[in-house]
Structures are given as C-alpha cells and as structure tokens.
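The structure file my_file37.cif is reproduced below (mmCIF, C-alpha atoms).
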data_work
#
loop_
_atom_site.label_atom_id
_atom_site.label_comp_id
_atom_site.auth_asym_id
_atom_site.auth_seq_id
_atom_site.Cartn_x
_atom_site.Cartn_y
_atom_site.Cartn_z
CA GLU A 4 125.78 10.61 49.02
CA ASP A 5 128.88 9.73 51.01
CA GLN A 6 128.90 11.49 54.35
CA VAL A 7 130.87 11.69 57.58
CA THR A 8 129.37 13.20 60.74
CA GLN A 9 130.80 13.54 64.21
CA SER A 10 129.21 14.00 67.59
CA PRO A 11 129.22 15.77 69.86
CA GLU A 12 130.41 19.00 68.27
CA ALA A 13 132.11 19.96 71.51
CA LEU A 14 132.76 18.09 74.75
CA ARG A 15 133.96 19.28 78.12
CA LEU A 16 135.31 16.73 80.56
CA GLN A 17 136.86 16.89 83.96
CA GLU A 18 140.29 15.34 84.21
CA GLY A 19 139.84 11.60 84.72
CA GLU A 20 136.27 11.56 83.36
CA SER A 21 136.18 8.97 80.58
CA SER A 22 133.98 9.42 77.51
CA SER A 23 133.57 8.55 73.84
CA LEU A 24 133.48 10.49 70.60
CA ASN A 25 131.40 9.26 67.70
CA CYS A 26 132.06 9.26 63.96
CA SER A 27 129.23 8.03 61.73
CA TYR A 28 129.74 7.43 58.05
CA THR A 29 127.86 6.39 54.95
CA VAL A 30 130.13 5.42 52.10
CA SER A 31 130.04 2.85 49.38
CA GLY A 32 132.96 0.56 50.00
CA LEU A 33 135.03 1.67 52.98
CA ARG A 34 138.73 1.45 52.35
CA GLY A 35 139.78 2.87 55.69
CA LEU A 36 138.67 5.10 58.55
CA PHE A 37 141.21 7.44 60.09
CA TRP A 38 141.36 9.40 63.33
CA TYR A 39 143.40 12.56 63.67
CA ARG A 40 144.09 14.98 66.47
CA GLN A 41 144.45 18.68 65.68
CA ASP A 42 145.79 21.31 68.05
CA PRO A 43 144.95 24.97 67.39
CA GLY A 44 147.09 26.46 64.61
CA LYS A 45 148.60 23.09 63.72
CA GLY A 46 148.09 20.47 61.06
CA PRO A 47 146.25 17.27 62.02
CA GLU A 48 148.31 14.54 63.64
CA PHE A 49 147.63 10.95 62.64
CA LEU A 50 146.30 8.69 65.40
CA PHE A 51 144.73 5.50 64.02
CA THR A 52 143.61 3.69 60.91
CA LEU A 53 140.80 1.13 61.05
CA TYR A 54 140.03 -1.06 58.07
CA SER A 55 137.26 -3.45 58.96
CA ALA A 56 134.32 -3.80 61.35
CA GLY A 57 135.34 -5.19 64.69
CA GLU A 58 138.84 -3.80 64.54
CA GLU A 59 140.24 -1.93 67.55
CA LYS A 60 143.39 0.13 68.01
CA GLU A 61 144.84 1.59 71.19
CA LYS A 62 147.35 4.29 71.99
CA GLU A 63 147.90 5.46 75.54
CA ARG A 64 144.51 6.74 76.80
CA LEU A 65 142.84 6.44 73.39
CA LYS A 66 141.07 3.47 71.89
CA ALA A 67 139.37 3.47 68.50
CA THR A 68 136.75 0.96 67.43
CA LEU A 69 134.91 0.42 64.17
CA THR A 70 131.54 -0.99 63.15
CA LYS A 71 129.92 -1.04 59.73
CA LYS A 72 128.33 2.35 60.30
CA GLU A 73 130.38 4.18 62.89
CA SER A 74 133.59 4.50 64.81
CA PHE A 75 134.15 5.46 68.39
CA LEU A 76 137.15 7.10 69.95
CA HIS A 77 137.17 6.19 73.62
CA ILE A 78 139.17 8.38 75.96
CA THR A 79 139.99 6.82 79.30
CA ALA A 80 140.92 9.02 82.26
CA PRO A 81 141.72 12.02 80.07
CA LYS A 82 144.27 14.65 81.00
CA PRO A 83 144.27 18.36 80.09
CA GLU A 84 146.88 17.67 77.40
CA ASP A 85 144.28 15.56 75.57
CA SER A 86 142.38 18.76 74.81
CA ALA A 87 142.23 19.14 71.02
CA THR A 88 139.92 18.74 68.07
CA TYR A 89 139.52 15.14 66.98
CA LEU A 90 138.80 14.56 63.32
CA CYS A 91 137.74 11.39 61.62
CA ALA A 92 138.05 10.78 57.92
CA VAL A 93 137.10 8.01 55.55
CA GLN A 94 138.67 6.79 52.39
CA ALA A 95 136.31 4.94 50.09
CA ASN A 96 136.85 2.77 47.09
CA ASN A 97 135.30 5.28 44.73
CA TYR A 98 137.35 8.27 45.93
CA GLY A 99 140.66 7.32 44.53
CA GLN A 100 143.10 8.78 47.02
CA ASN A 101 140.63 11.33 48.39
CA PHE A 102 139.58 11.47 52.01
CA VAL A 103 136.31 12.84 53.35
CA PHE A 104 136.61 14.52 56.73
CA GLY A 105 134.02 14.92 59.42
CA PRO A 106 133.52 18.31 61.10
CA GLY A 107 135.43 17.29 64.21
CA THR A 108 134.78 17.18 67.95
CA ARG A 109 136.41 19.87 70.11
CA LEU A 110 137.45 18.26 73.35
CA SER A 111 138.32 20.27 76.44
CA VAL A 112 139.66 18.49 79.52
CA LEU A 113 139.59 20.63 82.61
CA PRO A 114 142.06 20.11 85.45
CA GLY B 30 155.14 8.30 61.21
CA ALA B 31 155.92 9.98 57.93
CA VAL B 32 156.95 13.63 57.98
CA VAL B 33 155.46 16.36 55.85
CA SER B 34 157.03 19.78 56.06
CA GLN B 35 155.14 22.93 55.12
CA HIS B 36 156.66 26.35 54.74
CA PRO B 37 156.15 29.13 55.63
CA SER B 38 154.12 28.61 58.78
CA ARG B 39 153.00 32.23 58.79
CA VAL B 40 152.95 34.83 56.05
CA ILE B 41 151.60 38.34 55.92
CA CYS B 42 151.30 40.06 52.58
CA LYS B 43 149.75 43.09 50.97
CA SER B 44 146.63 42.84 48.88
CA GLY B 45 147.43 42.15 45.24
CA THR B 46 150.64 40.27 45.83
CA SER B 47 151.22 36.56 45.31
CA VAL B 48 152.28 34.09 47.97
CA LYS B 49 153.82 30.66 47.53
CA ILE B 50 153.47 27.87 50.08
CA GLU B 51 155.65 24.77 49.86
CA CYS B 52 154.80 21.26 50.98
CA ARG B 53 157.48 18.60 51.14
CA SER B 54 157.37 14.93 52.06
CA LEU B 55 160.64 14.36 53.86
CA ASP B 56 160.92 10.61 54.19
CA PHE B 57 158.61 9.11 51.58
CA GLN B 58 157.55 9.64 48.00
CA ALA B 59 154.19 11.34 47.83
CA THR B 60 152.35 10.22 44.75
CA THR B 61 149.39 12.37 45.75
CA MET B 62 149.23 15.59 47.69
CA PHE B 63 146.15 17.43 48.86
CA TRP B 64 145.63 21.07 49.71
CA TYR B 65 143.05 22.07 52.28
CA ARG B 66 141.73 25.32 53.59
CA GLN B 67 140.46 25.59 57.13
CA PHE B 68 138.33 28.33 58.61
CA PRO B 69 138.27 28.98 62.36
CA LYS B 70 136.63 26.15 64.29
CA LYS B 71 135.72 24.42 61.06
CA SER B 72 136.89 21.20 59.50
CA LEU B 73 139.17 20.82 56.53
CA MET B 74 137.88 21.92 53.15
CA LEU B 75 139.57 20.13 50.28
CA MET B 76 140.74 22.59 47.64
CA ALA B 77 142.57 20.38 45.19
CA THR B 78 144.31 17.09 44.64
CA SER B 79 147.63 16.98 42.88
CA ASN B 80 149.48 14.03 41.43
CA GLU B 81 153.13 14.25 40.54
CA GLY B 82 153.67 15.34 36.97
CA SER B 83 150.06 16.08 36.13
CA LYS B 84 147.64 18.94 36.50
CA ALA B 85 145.85 19.37 39.80
CA THR B 86 142.21 18.46 40.16
CA TYR B 87 140.30 21.29 41.80
CA GLU B 88 137.17 20.97 43.89
CA GLN B 89 134.04 22.73 42.78
CA GLY B 90 134.11 26.41 43.64
CA VAL B 91 137.89 26.68 43.91
CA GLU B 92 139.39 29.10 41.39
CA LYS B 93 142.17 27.45 39.43
CA ASP B 94 143.69 30.74 38.37
CA LYS B 95 143.81 32.08 41.91
CA PHE B 96 145.16 28.97 43.59
CA LEU B 97 147.93 27.61 41.41
CA ILE B 98 149.14 24.17 42.38
CA ASN B 99 152.28 22.55 41.09
CA HIS B 100 153.45 19.04 41.96
CA ALA B 101 156.80 18.98 40.22
CA SER B 102 158.33 16.03 42.03
CA LEU B 103 157.41 13.14 44.28
CA THR B 104 158.44 15.16 47.33
CA LEU B 105 157.30 18.70 46.58
CA SER B 106 154.04 20.44 45.87
CA THR B 107 153.47 24.19 45.91
CA LEU B 108 150.37 26.33 46.30
CA THR B 109 150.56 29.86 44.98
CA VAL B 110 147.83 32.28 45.98
CA THR B 111 147.84 34.82 43.19
CA SER B 112 146.71 38.43 43.56
CA ALA B 113 145.78 37.78 47.15
CA HIS B 114 142.91 39.63 48.78
CA PRO B 115 141.85 39.84 52.43
CA GLU B 116 139.19 37.17 51.86
CA ASP B 117 141.99 34.74 51.00
CA SER B 118 143.27 35.02 54.55
CA SER B 119 143.02 31.56 56.03
CA PHE B 120 144.85 28.52 57.32
CA TYR B 121 146.13 26.37 54.46
CA ILE B 122 147.21 22.80 55.10
CA CYS B 123 148.84 20.30 52.78
CA SER B 124 148.84 16.56 53.14
CA ALA B 125 150.49 13.72 51.36
CA THR B 126 150.02 10.03 50.86
CA SER B 127 152.30 7.43 49.40
CA GLY B 128 149.40 6.05 47.42
CA THR B 129 149.28 2.57 48.85
CA HIS B 130 145.87 0.92 48.91
CA THR B 131 145.18 1.90 52.49
CA GLY B 132 147.76 4.63 52.87
CA GLU B 133 147.47 7.05 55.71
CA LEU B 134 147.34 10.75 55.03
CA PHE B 135 150.07 12.81 56.67
CA PHE B 136 149.73 16.53 57.19
CA GLY B 137 152.01 19.49 57.17
CA GLU B 138 151.97 21.97 60.01
CA GLY B 139 149.82 24.41 58.11
CA SER B 140 150.40 27.95 56.84
CA ARG B 141 148.56 30.93 58.26
CA LEU B 142 148.07 33.51 55.49
CA THR B 143 147.05 37.04 56.39
CA VAL B 144 146.36 39.45 53.55
CA LEU B 145 146.30 43.10 54.55
#

Can the structure in the file be given as structure tokens, please?
Amino acid sequence: EDQVTQSPEALRLQEGESSSLNCSYTVSGLRGLFWYRQDPGKGPEFLFTLYSAGEEKEKERLKATLTKKESFLHITAPKPEDSATYLCAVQANNYGQNFVFGPGTRLSVLP
Amino acid sequence: GAVVSQHPSRVICKSGTSVKIECRSLDFQATTMFWYRQFPKKSLMLMATSNEGSKATYEQGVEKDKFLINHASLTLSTLTVTSAHPEDSSFYICSATSGTHTGELFFGEGSRLTVL
C-alpha cells in the first residue's frame, strides 16, 4: 500500500538551530514529491517539487533533498517566521492526478 | 506561482441550511480540482476529485449527497455542503492542478465552516 509518513510529528528549535524534517514514502512509481508549508488557518503554500533521487532544491533557509525512499527538508539557521506545519506529498504514476499527503511536521522556532 | 482563490474564507450557518464554497484558478486552467477537509492539527483528508465537465469522484466514506461538487468550467469548482450539521464544521480547502505530467498542486486559502 502506498504510504507517506513524516517525522518528527512536532519539533521545537531555538532560533539559529539548524535541523531536518523527514518524509518517508512507499509508492509504486514516483512521479513527484512535493513540500508545502501551512500556517494556521491557511491553505498550504507550495515550496518545492523533487522528481528524481539525488535532486536538491533550495529556497532561502530551506533545502529539500530526495532519495529513493525519503526526502529531507533541511532548515538552516531558522527564524521564528519559519514556524509552520510542513507537509510533504507524493504523486505516483498509478494515482492519476491524486496526491497523497503525509501527516505533517509542526515546527516551532523560538526567539 | 499559480493562484487559487477560495471564497468565503469564513462562514457561519444554522443547522439544516446549505453552504456553497467556491474555488477559482485565477491564472491557469485547472483540469483537475481537489477538495480536502482538515481537522485541527491533522493533515489533509481528500474528499473528492473533480474534473471539468464530469462528475466528481468521491473518496470512500464521503457522502455524495451531502457534499455536492460541481466543476463547471476550467477555472471554477464549487463545494456545497447540504443540510449542514454541527459535525460538518471544519476547514475545507480546495486545490487545483493544470494536469501536466508533473504538475504542482496549488491550494486555496481554505474556508472555515461553523455550523451552529
């Protein structure tokens, strides 16, 4: 069964304390892996798409990487405004246009 | 990135009434739109997938007659919660994709429904 899991469920960091969020997936035929950021009471905001193992994408303090089984979202020197829930999702060849979302990681960055 | 507009952002209604939520893709043609429901501190739960001009495909456990979805054009999909009850109170989010092979999914801002 296709599955997406994320760890940790919640993460508290001090401002400037770098860390990584994990997204593990089991799908048959990955079409793409997507990272989103969601603020409370808002819709998810698109961050990155990764298509193949070894690919990396960067945006400000965020860097996403992809292997054949998992993706990491690295946060370097985070700031309080990086506090949000980070969701990963996969699109697989047998889903059509459907996406499967992980449960998310709630990140809190303390000043 | 592409823009998806969802309206209203908040709605409060009485039990038994119906509520319509609109989802529009503003700068691209959305061949497929998705409707999600999200409970507090939980991830997105897919309710249904709609393709322009055809009937929506509902996920298991989602009542078709309660959650009416219409995708009348390539830029507009609507979700109508019929005969709403307090247990329908939730955060509803739409998303849209242009349908390319590796197309990103873009989300609306969400609609907070409160049924009294």

Using only C-alpha atoms, which chain A residues lie at most 10 Å away from chain B, written as a ChimeraX atom specification? /A:34-37,39,41,43-54,88-90,92,94-96,99-109

Spatial neighbours of B:Lys95, max dist 12 Å, all atoms listed in the file, sep filter under 3 positions, as a PDB file with C-alpha atoms, keeping the file's coordinate frame:
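Result written to around12.pdb:
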ATOM      1  CA  GLY B  45     147.430  42.150  45.240  1.00  0.00           C
ATOM      2  CA  THR B  46     150.640  40.270  45.830  1.00  0.00           C
ATOM      3  CA  SER B  47     151.220  36.560  45.310  1.00  0.00           C
ATOM      4  CA  VAL B  48     152.280  34.090  47.970  1.00  0.00           C
ATOM      5  CA  LYS B  49     153.820  30.660  47.530  1.00  0.00           C
ATOM      6  CA  MET B  76     140.740  22.590  47.640  1.00  0.00           C
ATOM      7  CA  TYR B  87     140.300  21.290  41.800  1.00  0.00           C
ATOM      8  CA  GLY B  90     134.110  26.410  43.640  1.00  0.00           C
ATOM      9  CA  VAL B  91     137.890  26.680  43.910  1.00  0.00           C
ATOM     10  CA  GLU B  92     139.390  29.100  41.390  1.00  0.00           C
ATOM     11  CA  ILE B  98     149.140  24.170  42.380  1.00  0.00           C
ATOM     12  CA  LEU B 108     150.370  26.330  46.300  1.00  0.00           C
ATOM     13  CA  THR B 109     150.560  29.860  44.980  1.00  0.00           C
ATOM     14  CA  VAL B 110     147.830  32.280  45.980  1.00  0.00           C
ATOM     15  CA  THR B 111     147.840  34.820  43.190  1.00  0.00           C
ATOM     16  CA  SER B 112     146.710  38.430  43.560  1.00  0.00           C
ATOM     17  CA  ALA B 113     145.780  37.780  47.150  1.00  0.00           C
ATOM     18  CA  HIS B 114     142.910  39.630  48.780  1.00  0.00           C
ATOM     19  CA  ASP B 117     141.990  34.740  51.000  1.00  0.00           C
TER      20      ASP B 117
END

So which residues fall inside 7 Å of (125.5, 6.1, 56.6) if we count only C-alpha atoms? Mind giving them as a list in words? Gln6, Ser27, Tyr28, Thr29, Val30 and Lys72 of chain A

Quick one: of B:Thr107, B:Pro115, B:Val32, B:Glu88, who's nearest to B:Gln58, counting all atoms listed in the file?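 Distance minimum relative to B:Gln58 lands on B:Val32.
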
Atom CA of A:Glu59 to atom CA of A:Pro81 measures 18.8 Å

Interatomic distance, atom CA of B:Val144 to atom CA of B:Ser119 (Å, one decimal):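 That distance, rounded to one decimal, is 8.9 Å.
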
I need the residue set behind the PyMOL selection byres ((chain A and resi 11-15) around 7) for this file; please write it as a ChimeraX atom specification. /A:9-10,16-17,24,107-112

For atom CA of B:Ala59 and atom CA of B:Lys84, quote the distance in Å rounded to one decimal. 15.1 Å

Could you tell me which of B:Ser106, B:Ser34, B:Cys42, B:Thr143 comes closest to B:Trp64 if we count only C-alpha atoms? B:Ser106

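Residue nearest A:Asn25, chosen from A:Ser55, A:Ser74, A:Thr68, A:Thr79 and counting only C-alpha atoms: A:Ser74.
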
Padding 3 Å on each side, edges along x, y and z: where is the centre of the box around the listed atoms of stretch 25-39 of chain A, and how long are its edges in Å to one decimal? Output it as AutoDock Vina command-line options.
--center_x 135.6 --center_y 6.6 --center_z 58.5 --size_x 21.5 --size_y 18.0 --size_z 24.3

Nearest to A:Pro114, restricted to only C-alpha atoms and choosing among A:Ser23, A:Ser86, A:Thr8, A:Ser31, comes out as A:Ser86

Go through B:Ala101, B:Ile50, B:Leu55, B:Ala85 one by one, measure the shortest atom-to-atom distance of each to B:Leu142 using only C-alpha atoms, and give the residue with the smallest value. B:Ile50

Can you fill out stretch 67-78 of chain A with all heavy atoms and hand it back as a JSON list (two decimals), in the frame of the given file?
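Below you can see result-v2.json, which holds the result:
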[["chain", "number", "residue", "atom", "x", "y", "z"],
["A", 67, "ALA", "N", 140.29, 3.27, 69.61],
["A", 67, "ALA", "CA", 139.37, 3.47, 68.50],
["A", 67, "ALA", "C", 138.77, 2.13, 68.11],
["A", 67, "ALA", "O", 139.46, 1.12, 68.05],
["A", 67, "ALA", "CB", 140.10, 4.09, 67.32],
["A", 68, "THR", "N", 137.46, 2.16, 67.85],
["A", 68, "THR", "CA", 136.75, 0.96, 67.43],
["A", 68, "THR", "C", 135.95, 1.27, 66.17],
["A", 68, "THR", "O", 135.65, 2.44, 65.88],
["A", 68, "THR", "CB", 135.80, 0.46, 68.53],
["A", 68, "THR", "OG1", 134.82, 1.47, 68.81],
["A", 68, "THR", "CG2", 136.56, 0.14, 69.81],
["A", 69, "LEU", "N", 135.61, 0.22, 65.45],
["A", 69, "LEU", "CA", 134.91, 0.42, 64.17],
["A", 69, "LEU", "C", 133.81, -0.60, 64.00],
["A", 69, "LEU", "O", 134.00, -1.79, 64.27],
["A", 69, "LEU", "CB", 135.91, 0.28, 63.01],
["A", 69, "LEU", "CG", 135.35, 0.46, 61.60],
["A", 69, "LEU", "CD1", 134.87, 1.89, 61.38],
["A", 69, "LEU", "CD2", 136.39, 0.07, 60.56],
["A", 70, "THR", "N", 132.63, -0.11, 63.57],
["A", 70, "THR", "CA", 131.54, -0.99, 63.15],
["A", 70, "THR", "C", 131.26, -0.67, 61.68],
["A", 70, "THR", "O", 131.95, 0.14, 61.07],
["A", 70, "THR", "CB", 130.26, -0.77, 63.98],
["A", 70, "THR", "OG1", 129.70, 0.51, 63.61],
["A", 70, "THR", "CG2", 130.56, -0.78, 65.47],
["A", 71, "LYS", "N", 130.22, -1.26, 61.15],
["A", 71, "LYS", "CA", 129.92, -1.04, 59.73],
["A", 71, "LYS", "C", 129.36, 0.35, 59.46],
["A", 71, "LYS", "O", 129.31, 0.78, 58.30],
["A", 71, "LYS", "CB", 128.95, -2.10, 59.22],
["A", 71, "LYS", "CG", 129.59, -3.47, 59.09],
["A", 71, "LYS", "CD", 128.65, -4.46, 58.42],
["A", 71, "LYS", "CE", 129.37, -5.80, 58.24],
["A", 71, "LYS", "NZ", 128.50, -6.81, 57.59],
["A", 72, "LYS", "N", 128.94, 1.04, 60.52],
["A", 72, "LYS", "CA", 128.33, 2.35, 60.30],
["A", 72, "LYS", "C", 129.01, 3.48, 61.07],
["A", 72, "LYS", "O", 128.76, 4.65, 60.79],
["A", 72, "LYS", "CB", 126.86, 2.31, 60.69],
["A", 72, "LYS", "CG", 125.99, 1.44, 59.81],
["A", 72, "LYS", "CD", 124.53, 1.53, 60.22],
["A", 72, "LYS", "CE", 123.66, 0.67, 59.32],
["A", 72, "LYS", "NZ", 122.23, 0.75, 59.71],
["A", 73, "GLU", "N", 129.81, 3.13, 62.07],
["A", 73, "GLU", "CA", 130.38, 4.18, 62.89],
["A", 73, "GLU", "C", 131.68, 3.74, 63.56],
["A", 73, "GLU", "O", 132.00, 2.55, 63.62],
["A", 73, "GLU", "CB", 129.38, 4.64, 63.95],
["A", 73, "GLU", "CG", 128.89, 3.55, 64.86],
["A", 73, "GLU", "CD", 127.70, 4.00, 65.72],
["A", 73, "GLU", "OE1", 127.36, 5.20, 65.74],
["A", 73, "GLU", "OE2", 127.11, 3.13, 66.38],
["A", 74, "SER", "N", 132.37, 4.75, 64.05],
["A", 74, "SER", "CA", 133.59, 4.50, 64.81],
["A", 74, "SER", "C", 133.51, 5.31, 66.09],
["A", 74, "SER", "O", 132.91, 6.38, 66.12],
["A", 74, "SER", "CB", 134.82, 4.92, 64.00],
["A", 74, "SER", "OG", 136.00, 4.77, 64.76],
["A", 75, "PHE", "N", 134.09, 4.76, 67.13],
["A", 75, "PHE", "CA", 134.15, 5.46, 68.39],
["A", 75, "PHE", "C", 135.60, 5.68, 68.79],
["A", 75, "PHE", "O", 136.46, 4.80, 68.58],
["A", 75, "PHE", "CB", 133.44, 4.67, 69.50],
["A", 75, "PHE", "CG", 131.95, 4.61, 69.34],
["A", 75, "PHE", "CD1", 131.34, 3.54, 68.69],
["A", 75, "PHE", "CD2", 131.15, 5.62, 69.83],
["A", 75, "PHE", "CE1", 129.97, 3.48, 68.53],
["A", 75, "PHE", "CE2", 129.77, 5.58, 69.68],
["A", 75, "PHE", "CZ", 129.19, 4.50, 69.03],
["A", 76, "LEU", "N", 135.85, 6.83, 69.35],
["A", 76, "LEU", "CA", 137.15, 7.10, 69.95],
["A", 76, "LEU", "C", 136.92, 7.23, 71.45],
["A", 76, "LEU", "O", 136.30, 8.19, 71.91],
["A", 76, "LEU", "CB", 137.77, 8.38, 69.38],
["A", 76, "LEU", "CG", 139.18, 8.71, 69.85],
["A", 76, "LEU", "CD1", 140.17, 7.65, 69.37],
["A", 76, "LEU", "CD2", 139.61, 10.08, 69.37],
["A", 77, "HIS", "N", 137.37, 6.21, 72.17],
["A", 77, "HIS", "CA", 137.17, 6.19, 73.62],
["A", 77, "HIS", "C", 138.38, 6.83, 74.29],
["A", 77, "HIS", "O", 139.52, 6.50, 73.98],
["A", 77, "HIS", "CB", 137.01, 4.75, 74.10],
["A", 77, "HIS", "CG", 135.95, 3.98, 73.40],
["A", 77, "HIS", "ND1", 134.61, 4.06, 73.73],
["A", 77, "HIS", "CD2", 136.03, 3.11, 72.36],
["A", 77, "HIS", "CE1", 133.91, 3.28, 72.92],
["A", 77, "HIS", "NE2", 134.73, 2.69, 72.09],
["A", 78, "ILE", "N", 138.10, 7.72, 75.23],
["A", 78, "ILE", "CA", 139.17, 8.38, 75.96],
["A", 78, "ILE", "C", 139.04, 8.01, 77.43],
["A", 78, "ILE", "O", 138.03, 8.36, 78.07],
["A", 78, "ILE", "CB", 139.11, 9.91, 75.78],
["A", 78, "ILE", "CG1", 139.16, 10.25, 74.30],
["A", 78, "ILE", "CG2", 140.26, 10.58, 76.52],
["A", 78, "ILE", "CD1", 139.05, 11.72, 74.00]]
